[in-house]
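For reference, the structure discussed in these notes is given below.
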Number of protein chains: 4
Amino acid sequence: MAGNSFGQLFRITTFGESHGPALGVVIDGCPPGIVLDEELIRRDLRRRRPGASQAVSQRKETDDAEILAGTFEGRTTGTPLMMLIRNNDAKPGDYAEIKDRFRPGHADYSYWKKYGIRDHRGSGRASARETAARVAAGAVARMVLREIAGAEVFGCVASIGELAFALDDVAAAGDDPYFCPQAGQRDAIEAHIAALRKDGDSCGAVVHVEARGVPAGLGEPVFDRLDADIAKALMSINAVKAVEVGAGTAAAAARGSAHGDEMTGLGEFRSNNAGGVLGGISTGQDVVARMTLKPTSSITTPKDSVDVEGKPVKVATKGRHDPCVGLRAPPIAEAMLALTLADHLLRHRGQTGRA
Amino acid sequence: MAGNSFGQLFRITTFGESHGPALGVVIDGCPPGIVLDEELIRRDLRRRRPGASQAVSQRKETDDAEILAGTFEGRTTGTPLMMLIRNNDAKPGDYAEIKDRFRPGHADYSYWKKYGIRDHRGSGRASARETAARVAAGAVARMVLREIAGAEVFGCVASIGELAFALDDVAAAGDDPYFCPQAGQRDAIEAHIAALRKDGDSCGAVVHVEARGVPAGLGEPVFDRLDADIAKALMSINAVKAVEVGAGTAAAAARGSAHGDEMTGLGEFRSNNAGGVLGGISTGQDVVARMTLKPTSSITTPKDSVDVEGKPVKVATKGRHDPCVGLRAPPIAEAMLALTLADHLLRHRGQTGRA
Amino acid sequence: MAGNSFGQLFRITTFGESHGPALGVVIDGCPPGIVLDEELIRRDLRRRRPGASQAVSQRKETDDAEILAGTFEGRTTGTPLMMLIRNNDAKPGDYAEIKDRFRPGHADYSYWKKYGIRDHRGSGRASARETAARVAAGAVARMVLREIAGAEVFGCVASIGELAFALDDVAAAGDDPYFCPQAGQRDAIEAHIAALRKDGDSCGAVVHVEARGVPAGLGEPVFDRLDADIAKALMSINAVKAVEVGAGTAAAAARGSAHGDEMTGLGEFRSNNAGGVLGGISTGQDVVARMTLKPTSSITTPKDSVDVEGKPVKVATKGRHDPCVGLRAPPIAEAMLALTLADHLLRHRGQTGRA
Amino acid sequence: MAGNSFGQLFRITTFGESHGPALGVVIDGCPPGIVLDEELIRRDLRRRRPGASQAVSQRKETDDAEILAGTFEGRTTGTPLMMLIRNNDAKPGDYAEIKDRFRPGHADYSYWKKYGIRDHRGSGRASARETAARVAAGAVARMVLREIAGAEVFGCVASIGELAFALDDVAAAGDDPYFCPQAGQRDAIEAHIAALRKDGDSCGAVVHVEARGVPAGLGEPVFDRLDADIAKALMSINAVKAVEVGAGTAAAAARGSAHGDEMTGLGEFRSNNAGGVLGGISTGQDVVARMTLKPTSSITTPKDSVDVEGKPVKVATKGRHDPCVGLRAPPIAEAMLALTLADHLLRHRGQTGRA
């Protein structure tokens with residue numbers, strides 16, 4: 001099927017350009033009777049929104065998700081749930097200057113090659129704004145996970161540039177303006193971002209995400225493994241260049257004698273190098289993953305590029321962009337993890353009758 | 001759909017347990033008229049096979065793929081291509097001892113929780129033997145990529161344990177018994193593996209894979225991005241804990257001023273931090289990815305675990321296992337990359353009429 | 001995937017309840033660069049709309065499709081095309097009386113059993129109003145068929161109740177207020193409908209649909225045959241109880257010597273009992289199908305039923321309903337045929353490179 | 001996905017040509033722990049087999065399904081179940097004469113147009129032999145329906161040519177050599193077929209199929225309606241030209257006052273014009289459908305046609321073919337109905353937690 005859908009049974013389809021009239025999402029296959037917590041949707045959209053802190057883009061996106069279908073008297077009906085988010089602050093004029101030229105490291109060029117069309121307004125579907133629809137859908141996935149399995153999803157920033165954080169309190173990080181799991185880092189973060197702004201530059205980041213209370217048995221070998229679907233889910237987020245599960249890249253240098261998580265009881269383990277997944281199936285341990293984001297390509301420092309006719313040009317972006325997109329990414333990573341788990345929860349229930 | 005299929009238009013479905021009578025694959029949607037190079041299939045199966053070198057498992061798998069459907073007079077017909085691989089060397093007796101106990105770090109436990117059934121013979125679908133079917137299908141994907149787009153896929157071992165290799169000649173590595181891209185490493189590798197065997201231990205590895213000649217335009221935003229589908233493809237391989245594209249985890253500490261690949265012409269770039277993918281769509285540069293494999297969990301050193309009743313036991317594996325599964329993984333990674341690209345090639349052609 | 005999507009490459013997802021705020025459709029996988037003929041969308045929606053003639057429901061649905069995503073400067077971009085249709089004339093009050101009771105022959109009961117929820121407002125997703133989204137999407141499918149293959153889709157009413165029409169001019173019927181292919185039938189139709197209204201009754205109908213200019217080769221054996229997907233497409237329309245292709249049910253009493261269409265040249269046939277499809281693949285002849293619609297269950301004559309507690313009640317519907325839904329069905333059948341063909345056109349192009 | 005798969009959660013993929021070495025099926029998503037009744041598989045294959053009675057083709061197909069994956073100790077494991085059926089009686093020589101010419105009414109021509117390849121041996125995938133794989137998979141679907149829902153599927157011949165039968169005992173018809181639901185028709189049937197053979201001709205047929213004990217709630221509005229998926233399932237069978245559900249084409253001339261099934265209690269109805277489906281969702285009544293098969297195109301009477309260069313030829317088929325394929329079709333229709341229901345049973349359980 002075409003590429004704007006995710007999931008098999010709990011299935012979302014997103015649409016909308018960053019500078020068109022609206023974007024949104026259709027959730028098909030949502031279990032009926034789930035109490036729809038609209039405040040949770042608003043909270044997650046608010047957490048993703050630019051302008052939530054000094055460190056991120058100053059665009060004002062109100063991001064109110066209007067629910068146009070799929071509910072009755074405050075509950076899901078089992079029919080498609082549709083949420084629409086209007087674009088109120090789109091300023092196409094900001095982009096006129098790069099209309100015919102390609103930003104280095106940006107999707108301008110590849111979209112043009114694929115579709116033969118140049119929609120230069122704020123990158124269209126390639127804009128991070130597209131993720132608002134994922135976050136709204138992810139909030140519904142959270143409700144499903146909570147109601148059917150008692151599971152919860154959390155995310156935080158593990159590092160920005162060379163600045164790394166201790167994973168002291170991942171759950172609390174969700175309400176921190178910088179999604180930082182370590183206390184007392186605010187000044188360091190703001191200084192780091194301020195320096196980047198001053199330099200007209202950007203930096204990469206690592207985002208940590210985990211799910212607690214996930215029942216054992218989710219994931220379908222051999223291709224739709226839970227970890228494979230999580231890898232796809234996270235790698236589908238803008239700017240992500242790496243996805244790790246459990247020990248991740250550290251497993252390369254590990255020894256089997258130390259790496260394999262010893263068991264002390266049914267569902268009890270001495271460690272979690274597996275990240276909660278063995279053979280592609282959840283074990284009941286916390287599901288733990290990590291993603292690396294590249295520095296945003298939209299920076300004010302001029303770089304070499306070409307225009308649509310291949311002529312050399314210098315490109316610098318004037319739009320309102322984040323120096324570190326990682327600072328806005330945890331709610332998006334949480335949403336994608338929640339969507340993956342909700343889908344596999346229903347798939348597992350369908351095949352085995354258990355959940 | 002259920003989890004044993006991969007791809008949308010060029011779609012494979014695999015089946016078979018490591019210790020059942022056979023395993024195999026159905027390829028549906030293969031373009032008609034492709035000359036079927038059976039020697040290429042045999043070559044790739046031979047490269048994946050245990051026993052190809054001293055350093056890997058000494059099982060004798062003959063791995064002849066019998067083509068039972070989908071060809072006529074040496075060409076594909078467009079109908080399902082089916083390949084069957086008999087299991088001739090299965091020794092279920094080897095596994096009797098672990099019949100009721102869970103190997104730490106192994107899928108025994110999670111399969112049992114998912115399906116409520118314990119097929120203890122050599123891990124069933126969780127065995128690395130399952131990947132033979134992927135490799136056979138991947139060889140057909142190579143033929144499709146070659147004939148329609150002139151693209152080729154290569155893979156090699158980038159490191160085993162702490163032993164890292166220079167990516168001197170990735171293409172030549174395909175015929176090296178250890179898939180090593182750096183000349184003169186044979187003794188070091190064999191010494192490394194011999195030491196592991198002596199210790200009853202295992203180690204992790206990193207595998208590098210790349211595709212050359214991939215046309216620009218492959219990949220479907222926003223979820224079925226080319227890099228997202230590659231991430232899923234590689235993460236679905238046994239023991240993989242991390243997938244990186246282009247700069248990968250190194251992007252975390254990078255600056256936008258240095259990271260974004262500058263363009264010097266249409267389709268010409270100064271670097272390839274993107275790994276050939278921007279916004280989820282191929283740019284025409286080489287598509288480059290990397291995966292980290294954990295140390296195999298089947299080792300002869302006893303570890304703490306439990307049996308199906310939760311009672312503490314010591315588990316050591318007596319089967320014929322590889323101390324470093326990474327040494328057999330490059331052909332599997334190549335197959336998964338080829339399958340992903342072949343599918344997206346057909347999808348792109350379907351939507352846009354171009355290939 | 002969940003049930004509100006149709007198609008694989010040209011894929012639509014619909015949403016919305018008849019008495020909620022809005023309904024609509026997302027088209028994913030639309031080829032880029034197609035000139036978007038908004039007047040064609042309006043025309044098709046107008047043709048489907050109740051109140052277009054005296055004979056059908058007098059509800060006023062304005063049915064303006066607002067295009068919120070997927071276009072740029074009048075052409076499709078290849079990203080999801082989204083169309084929203086607001087519900088302006090919903091009167092939930094009309095349905096208060098049947099809130100707790102089941103209309104005989106209506107989906108009230110089965111939805112309640114499936115989802116455990118009773119959304120009594122105008123049947124929710126089971127309302128014929130849902131088909132407005134299909135018609136809007138079908139108009140886009142027409143543009144794709146026209147631009148890529150030069151194919152056109154037509155539909156008409158073949159009979160209402162016992163009143164049958166000659167298929168004199170199927171193409172012209174599309175602009176007739178009753179979609180009648182035979183001239184001079186207006187009075188007969190209006191008299192027939194008036195009599196039904198007077199009796200508080202309804203009648204069934206047969207709708208004929210055909211596509212001209214369809215290239216040979218569309219359809220995928222063995223399950224996604226073109227005729228099988230047409231059967232699904234038409235049977236998914238409200239009230240449809242039978243689908244026939246080519247000779248249809250008349251084939252039961254036919255002899256092979258007369259039935260098999262003789263060939264007089266490549267792509268030239270003496271007859272079209274096949275309905276343009278052999279072995280599930282189009283032959284280049286006109287694709288011809290027919291569907292039977294049952295009499296609408298919403299009538300003003302009281303019938304025996306039960307309420308949600310199983311107690312006997314009499315049910316008569318007071319809403320504004322059509323005595324013969326068949327009179328509004330041709331544009332819906334055309335839309336579903338166009339959607340099926342557009343999808344198979346892209347699938348065929350993906351696999352074979354031809355269109 | 002490509003066209004040789006059917007179902008979403010209980011998903012089959014078939015492969016194999018009639019005159020290649022083998023055909024078969026992979027079932028993915030089968031619930032684990034189902035007792036595999038191999039005798040039931042053999043029985044259904046035997047019932048479908050040519051040569052079972054005098055009236056049908058005298059080919060000897062042994063049709064033993066070899067189970068090569070997905071079971072352990074007599075139960076399904078939840079991993080792909082694979083069944084292989086060898087072709088032992090293929091006689092490619094029979095078809096040499098029609099190598100370059102197209103049989104009127106046959107898929108020869110359309111396959112050639114689609115794939116650009118002419119596999120003339122017994123029609124390849126277009127042969128009725130392909131349905132053996134469906135029947136084997138359908139037998140497993142029956143086990144799933146029986147074990148999870150207590151539902152059963154039955155089929156019979158409702159008419160051959162002009163010879164119609166009373167639906168006296170549909171369940172008993174399953175063991176009749178002609179699948180006839182009316183007692184004492186044996187001589188009439190054999191005389192009818194003998195006359196066709198003498199004339200070198202063939203006739204059409206109607207097959208009735210029904211499922212009893214189907215729980216209410218199966219089917220997903222709005223496209224994956226249970227009746228829409230049944231329509232696709234039955235129309236995908238070779239030679240089928242029409243599918244009817246419940247009252248079928250008779251609904252065209254019916255009145256709403258008589259057609260809508262009155263309810264006398266929850267799940268109790270006075271009639272079953274709906275065929276057990278309202279709004280695309282099962283009601284708990286018997287699910288009833290009917291399909292019309294055209295006369296087989298492979299007859300010994302010469303007909304006008306052309307060869308691959310478009311030159312006029314006379315074509316008569318010399319192979320061993322059935323004068324009425326309807327006499328072998330009930331087990332195939334049962335299989336497709338069972339497969340559709342099993343898939344929707346799991347989908348319903350996945351979304352709602354009920355079955």
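Letters A, B, ... mark the chains of the structure tokens in the order given; residue numbers begin at 1 per chain; ligand numbers begin at 1, in order shown.
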Hey, which bits of segment 156-274 of chain B sit within 7 Å of segment 230-249 of chain A, and for each residue what's the closest pair of atoms and how far apart in Å (one decimal), counting only C-alpha atoms, rows by chain and increasing number, as a Markdown table?
```
| residue | atom | partner | partner_atom | distance |
| --- | --- | --- | --- | --- |
| B:Val222 | CA | A:Ser236 | CA | 6.6 |
| B:Phe223 | CA | A:Ser236 | CA | 5.3 |
| B:Arg225 | CA | A:Ser236 | CA | 6.2 |
| B:Asp227 | CA | A:Met235 | CA | 6.8 |
| B:Ala228 | CA | A:Lys232 | CA | 4.5 |
| B:Asp229 | CA | A:Lys232 | CA | 5.9 |
| B:Ala231 | CA | A:Lys232 | CA | 5.5 |
| B:Lys232 | CA | A:Lys232 | CA | 4.9 |
| B:Met235 | CA | A:Ala231 | CA | 6.8 |
| B:Lys241 | CA | A:Gly248 | CA | 4.8 |
| B:Ala242 | CA | A:Glu244 | CA | 4.2 |
| B:Val243 | CA | A:Val243 | CA | 5.5 |
| B:Glu244 | CA | A:Ala242 | CA | 4.2 |
| B:Val245 | CA | A:Lys241 | CA | 5.3 |
| B:Gly246 | CA | A:Lys241 | CA | 7.0 |
| B:Ala247 | CA | A:Lys241 | CA | 7.0 |
| B:Gly248 | CA | A:Lys241 | CA | 4.8 |
| B:Thr249 | CA | A:Ala242 | CA | 5.6 |
```
I need the residues from that last selection saved to file as an mmCIF file, in the first residue's frame (with N, CA and C atoms), if you can.
```cif
data_model
loop_
_atom_site.group_PDB
_atom_site.id
_atom_site.type_symbol
_atom_site.label_atom_id
_atom_site.label_comp_id
_atom_site.auth_asym_id
_atom_site.auth_seq_id
_atom_site.Cartn_x
_atom_site.Cartn_y
_atom_site.Cartn_z
ATOM 1 N N VAL B 222 5.323 9.155 4.083
ATOM 2 C CA VAL B 222 6.214 9.496 5.159
ATOM 3 C C VAL B 222 6.615 8.284 6.003
ATOM 4 N N PHE B 223 5.857 7.167 5.904
ATOM 5 C CA PHE B 223 6.218 6.027 6.741
ATOM 6 C C PHE B 223 7.079 5.017 5.992
ATOM 7 N N ARG B 225 9.373 5.306 4.040
ATOM 8 C CA ARG B 225 10.634 5.882 3.588
ATOM 9 C C ARG B 225 11.592 4.753 3.245
ATOM 10 N N ASP B 227 14.739 4.603 3.882
ATOM 11 C CA ASP B 227 15.605 4.285 5.028
ATOM 12 C C ASP B 227 14.825 3.595 6.145
ATOM 13 N N ALA B 228 13.538 3.931 6.295
ATOM 14 C CA ALA B 228 12.724 3.270 7.317
ATOM 15 C C ALA B 228 12.523 1.802 6.954
ATOM 16 N N ASP B 229 12.289 1.537 5.678
ATOM 17 C CA ASP B 229 12.109 0.141 5.273
ATOM 18 C C ASP B 229 13.424 -0.637 5.327
ATOM 19 N N ALA B 231 15.691 0.012 7.587
ATOM 20 C CA ALA B 231 15.857 -0.208 9.029
ATOM 21 C C ALA B 231 15.061 -1.434 9.469
ATOM 22 N N LYS B 232 13.836 -1.536 8.996
ATOM 23 C CA LYS B 232 13.021 -2.708 9.335
ATOM 24 C C LYS B 232 13.654 -3.973 8.766
ATOM 25 N N MET B 235 16.807 -4.823 10.779
ATOM 26 C CA MET B 235 16.497 -5.159 12.176
ATOM 27 C C MET B 235 15.735 -6.485 12.267
ATOM 28 N N LYS B 241 20.787 -5.537 16.676
ATOM 29 C CA LYS B 241 20.347 -4.631 17.744
ATOM 30 C C LYS B 241 20.392 -3.164 17.340
ATOM 31 N N ALA B 242 20.976 -2.842 16.197
ATOM 32 C CA ALA B 242 21.056 -1.441 15.781
ATOM 33 C C ALA B 242 21.175 -1.360 14.269
ATOM 34 N N VAL B 243 20.558 -0.342 13.707
ATOM 35 C CA VAL B 243 20.680 -0.078 12.278
ATOM 36 C C VAL B 243 21.032 1.395 12.102
ATOM 37 N N GLU B 244 22.007 1.648 11.256
ATOM 38 C CA GLU B 244 22.416 3.024 10.974
ATOM 39 C C GLU B 244 22.380 3.266 9.477
ATOM 40 N N VAL B 245 22.032 4.478 9.088
ATOM 41 C CA VAL B 245 22.043 4.853 7.678
ATOM 42 C C VAL B 245 22.996 6.042 7.517
ATOM 43 N N GLY B 246 23.866 5.986 6.522
ATOM 44 C CA GLY B 246 24.817 7.078 6.305
ATOM 45 C C GLY B 246 25.673 7.303 7.534
ATOM 46 N N ALA B 247 25.720 8.532 8.023
ATOM 47 C CA ALA B 247 26.562 8.866 9.173
ATOM 48 C C ALA B 247 26.123 8.132 10.434
ATOM 49 N N GLY B 248 24.872 7.716 10.491
ATOM 50 C CA GLY B 248 24.390 6.913 11.620
ATOM 51 C C GLY B 248 24.523 7.608 12.952
ATOM 52 N N THR B 249 24.964 6.864 13.968
ATOM 53 C CA THR B 249 25.041 7.434 15.316
ATOM 54 C C THR B 249 26.039 8.595 15.396
#
```
Find the residues around Ala151 of chain B up to 10 Å (only C-alpha atoms counted), leave out those fewer than 6 positions away in its own chain, and share them as a list in words.
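My list of contacting residues is Arg142, Met143, Val144, Leu145, Ala211, Arg212, Gly213, Val214, Pro215, Asp286, Ala338, Leu341 and Ala342 of chain B.
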I need the chosen residues saved as a PDB file, in the first residue's frame, with N, CA, C and O atoms.
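Saved as again-v1.pdb:
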```pdb
ATOM      1  N   ARG B 142      18.226  -9.230  -6.648  1.00  0.00           N
ATOM      2  CA  ARG B 142      19.424  -8.713  -7.329  1.00  0.00           C
ATOM      3  C   ARG B 142      19.230  -8.705  -8.846  1.00  0.00           C
ATOM      4  O   ARG B 142      19.642  -7.770  -9.531  1.00  0.00           O
ATOM      5  N   MET B 143      18.670  -9.799  -9.374  1.00  0.00           N
ATOM      6  CA  MET B 143      18.487  -9.889 -10.830  1.00  0.00           C
ATOM      7  C   MET B 143      17.538  -8.795 -11.325  1.00  0.00           C
ATOM      8  O   MET B 143      17.751  -8.204 -12.378  1.00  0.00           O
ATOM      9  N   VAL B 144      16.509  -8.535 -10.522  1.00  0.00           N
ATOM     10  CA  VAL B 144      15.538  -7.495 -10.870  1.00  0.00           C
ATOM     11  C   VAL B 144      16.205  -6.119 -10.852  1.00  0.00           C
ATOM     12  O   VAL B 144      16.049  -5.321 -11.785  1.00  0.00           O
ATOM     13  N   LEU B 145      16.973  -5.847  -9.800  1.00  0.00           N
ATOM     14  CA  LEU B 145      17.655  -4.554  -9.680  1.00  0.00           C
ATOM     15  C   LEU B 145      18.628  -4.352 -10.838  1.00  0.00           C
ATOM     16  O   LEU B 145      18.742  -3.268 -11.396  1.00  0.00           O
ATOM     17  N   ALA B 211      24.404  -0.137  -1.674  1.00  0.00           N
ATOM     18  CA  ALA B 211      23.869  -0.391  -3.011  1.00  0.00           C
ATOM     19  C   ALA B 211      24.354   0.713  -3.927  1.00  0.00           C
ATOM     20  O   ALA B 211      24.286   1.895  -3.581  1.00  0.00           O
ATOM     21  N   ARG B 212      24.851   0.308  -5.094  1.00  0.00           N
ATOM     22  CA  ARG B 212      25.356   1.274  -6.070  1.00  0.00           C
ATOM     23  C   ARG B 212      24.464   1.272  -7.301  1.00  0.00           C
ATOM     24  O   ARG B 212      23.975   0.221  -7.724  1.00  0.00           O
ATOM     25  N   GLY B 213      24.279   2.433  -7.874  1.00  0.00           N
ATOM     26  CA  GLY B 213      23.470   2.523  -9.082  1.00  0.00           C
ATOM     27  C   GLY B 213      21.977   2.619  -8.818  1.00  0.00           C
ATOM     28  O   GLY B 213      21.177   2.447  -9.736  1.00  0.00           O
ATOM     29  N   VAL B 214      21.607   2.905  -7.573  1.00  0.00           N
ATOM     30  CA  VAL B 214      20.186   3.046  -7.240  1.00  0.00           C
ATOM     31  C   VAL B 214      19.660   4.344  -7.834  1.00  0.00           C
ATOM     32  O   VAL B 214      20.202   5.410  -7.563  1.00  0.00           O
ATOM     33  N   PRO B 215      18.602   4.300  -8.628  1.00  0.00           N
ATOM     34  CA  PRO B 215      18.085   5.550  -9.200  1.00  0.00           C
ATOM     35  C   PRO B 215      17.499   6.456  -8.114  1.00  0.00           C
ATOM     36  O   PRO B 215      17.059   5.982  -7.073  1.00  0.00           O
ATOM     37  N   ASP B 286      25.142   6.364  -3.527  1.00  0.00           N
ATOM     38  CA  ASP B 286      25.123   5.012  -2.971  1.00  0.00           C
ATOM     39  C   ASP B 286      24.252   4.990  -1.711  1.00  0.00           C
ATOM     40  O   ASP B 286      24.329   5.890  -0.874  1.00  0.00           O
ATOM     41  N   ALA B 338      18.605  -5.770  -0.965  1.00  0.00           N
ATOM     42  CA  ALA B 338      18.152  -5.959  -2.347  1.00  0.00           C
ATOM     43  C   ALA B 338      16.632  -6.100  -2.408  1.00  0.00           C
ATOM     44  O   ALA B 338      15.975  -5.541  -3.298  1.00  0.00           O
ATOM     45  N   LEU B 341      15.016  -2.663  -1.945  1.00  0.00           N
ATOM     46  CA  LEU B 341      15.181  -1.797  -3.118  1.00  0.00           C
ATOM     47  C   LEU B 341      14.326  -2.285  -4.295  1.00  0.00           C
ATOM     48  O   LEU B 341      13.721  -1.470  -4.998  1.00  0.00           O
ATOM     49  N   ALA B 342      14.267  -3.593  -4.500  1.00  0.00           N
ATOM     50  CA  ALA B 342      13.470  -4.108  -5.615  1.00  0.00           C
ATOM     51  C   ALA B 342      12.000  -3.753  -5.422  1.00  0.00           C
ATOM     52  O   ALA B 342      11.304  -3.355  -6.362  1.00  0.00           O
TER      53      ALA B 342
END
```
I want to know what sits within 7 Å of Ala107 of chain D, based on only C-alpha atoms, with residues of the same chain fewer than 2 positions away left out; could you give that as number ranges by chain?
C: 278-279; D: 105, 109-111, 126
Neighbours of chain C in chain A at 7 Å, counting only C-alpha atoms, as a list in words:
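Taken together, these residues fit the definition: Met1, Ala2, Asn4, Gln8, Leu9, Arg11, Phe15, Gly16, Glu17, Gly20, Pro21, Ala22, Asp28, Gly29, Pro32, Leu68, Ala69, Gly70, Phe72, Thr77, Gly78, Pro80, Met82, Tyr115, Ile117 and Asp119 of chain A.
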Residue subset to file, keeping N, CA, C and O atoms, as a compact mmCIF listing (two decimals), in the first residue's frame:
```txt
# COMPACT_ATOMS: atom_id res chain seq x y z
N MET A 1 0.86 -1.20 0.00
CA MET A 1 0.00 0.00 0.00
C MET A 1 0.89 1.24 0.00
O MET A 1 2.08 1.15 0.28
N ALA A 2 0.30 2.35 -0.27
CA ALA A 2 1.07 3.58 -0.38
C ALA A 2 1.66 3.98 0.97
O ALA A 2 1.22 3.52 2.02
N ASN A 4 1.83 6.46 3.16
CA ASN A 4 1.41 7.35 4.24
C ASN A 4 0.55 6.68 5.29
O ASN A 4 -0.18 7.34 6.03
N GLN A 8 -1.05 -2.26 10.88
CA GLN A 8 -1.91 -3.20 10.17
C GLN A 8 -3.33 -3.18 10.72
O GLN A 8 -4.28 -2.98 9.98
N LEU A 9 -3.49 -3.42 12.01
CA LEU A 9 -4.84 -3.43 12.59
C LEU A 9 -5.19 -2.09 13.21
O LEU A 9 -6.30 -1.60 13.06
N ARG A 11 -4.31 1.23 12.50
CA ARG A 11 -3.67 1.73 11.29
C ARG A 11 -3.92 3.22 11.11
O ARG A 11 -5.06 3.66 11.09
N PHE A 15 -1.93 12.91 6.35
CA PHE A 15 -1.97 13.73 5.14
C PHE A 15 -1.64 15.17 5.52
O PHE A 15 -1.70 15.54 6.70
N GLY A 16 -1.35 16.00 4.52
CA GLY A 16 -1.20 17.42 4.77
C GLY A 16 0.21 17.94 4.63
O GLY A 16 1.18 17.30 5.05
N GLU A 17 0.30 19.10 4.01
CA GLU A 17 1.58 19.78 3.85
C GLU A 17 1.74 20.85 4.93
O GLU A 17 0.75 21.41 5.40
N GLY A 20 0.16 24.00 3.52
CA GLY A 20 -1.18 23.91 2.95
C GLY A 20 -2.19 24.31 4.01
O GLY A 20 -1.83 24.78 5.09
N PRO A 21 -3.48 24.13 3.73
CA PRO A 21 -4.50 24.56 4.68
C PRO A 21 -4.57 23.74 5.96
O PRO A 21 -4.93 24.27 7.01
N ALA A 22 -4.22 22.47 5.91
CA ALA A 22 -4.39 21.64 7.10
C ALA A 22 -3.60 20.36 6.96
O ALA A 22 -3.17 19.98 5.88
N ASP A 28 -7.70 3.98 11.60
CA ASP A 28 -8.68 2.94 11.28
C ASP A 28 -8.36 1.71 12.11
O ASP A 28 -7.20 1.34 12.28
N GLY A 29 -9.40 1.09 12.64
CA GLY A 29 -9.21 -0.14 13.41
C GLY A 29 -9.10 0.08 14.90
O GLY A 29 -8.80 -0.86 15.65
N PRO A 32 -13.39 -0.24 19.76
CA PRO A 32 -14.53 0.57 20.17
C PRO A 32 -14.59 0.69 21.70
O PRO A 32 -14.03 -0.14 22.41
N LEU A 68 -13.24 14.91 13.91
CA LEU A 68 -14.37 15.03 12.99
C LEU A 68 -15.12 13.73 12.76
O LEU A 68 -16.16 13.71 12.10
N ALA A 69 -14.61 12.62 13.25
CA ALA A 69 -15.29 11.35 13.01
C ALA A 69 -14.80 10.30 13.98
O ALA A 69 -13.68 10.39 14.49
N GLY A 70 -15.64 9.31 14.26
CA GLY A 70 -15.21 8.13 15.00
C GLY A 70 -15.50 8.12 16.48
O GLY A 70 -15.10 7.18 17.18
N PHE A 72 -18.52 8.91 19.72
CA PHE A 72 -19.92 9.12 20.06
C PHE A 72 -20.00 9.14 21.58
O PHE A 72 -19.53 8.22 22.25
N THR A 77 -15.94 4.65 18.56
CA THR A 77 -17.03 3.78 18.10
C THR A 77 -16.52 2.55 17.36
O THR A 77 -17.30 1.65 17.04
N GLY A 78 -15.24 2.52 17.02
CA GLY A 78 -14.71 1.42 16.22
C GLY A 78 -14.61 1.80 14.75
O GLY A 78 -13.97 1.11 13.96
N PRO A 80 -13.58 4.82 11.72
CA PRO A 80 -12.36 5.65 11.63
C PRO A 80 -12.44 6.93 12.45
O PRO A 80 -13.40 7.70 12.36
N MET A 82 -11.02 10.51 12.97
CA MET A 82 -10.31 11.46 12.12
C MET A 82 -10.04 12.73 12.89
O MET A 82 -10.93 13.28 13.55
N TYR A 115 8.92 13.00 -7.75
CA TYR A 115 7.60 13.38 -8.24
C TYR A 115 7.64 14.30 -9.45
O TYR A 115 6.60 14.57 -10.06
N ILE A 117 7.99 17.38 -9.31
CA ILE A 117 7.24 18.58 -8.92
C ILE A 117 7.98 19.23 -7.77
O ILE A 117 8.51 18.55 -6.91
N ASP A 119 7.28 21.46 -4.71
CA ASP A 119 6.42 22.23 -3.79
C ASP A 119 7.36 22.80 -2.74
O ASP A 119 7.71 22.15 -1.77
```
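Counting from atom CA of Glu147 of chain C, the distance to atom CA of Leu36 of chain C is 10.9 Å.
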Compile the contact shell of Pro302 of chain A as a list in words: residues with an atom at most 7 Å away, counting only C-alpha atoms, same-chain residues fewer than 5 positions apart removed.
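Skipping anything fewer than 5 positions along the chain leaves Lys314, Val315 and Ala316 of chain A.
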Do a neighbour search on segment 167-179 of chain B at 8 Å with only C-alpha atoms, toss out local chain neighbours closer than 2 positions, and write the hits as number ranges by chain.
B: 47, 52-53, 154-158, 165, 181-182, 186, 327-328, 330-331
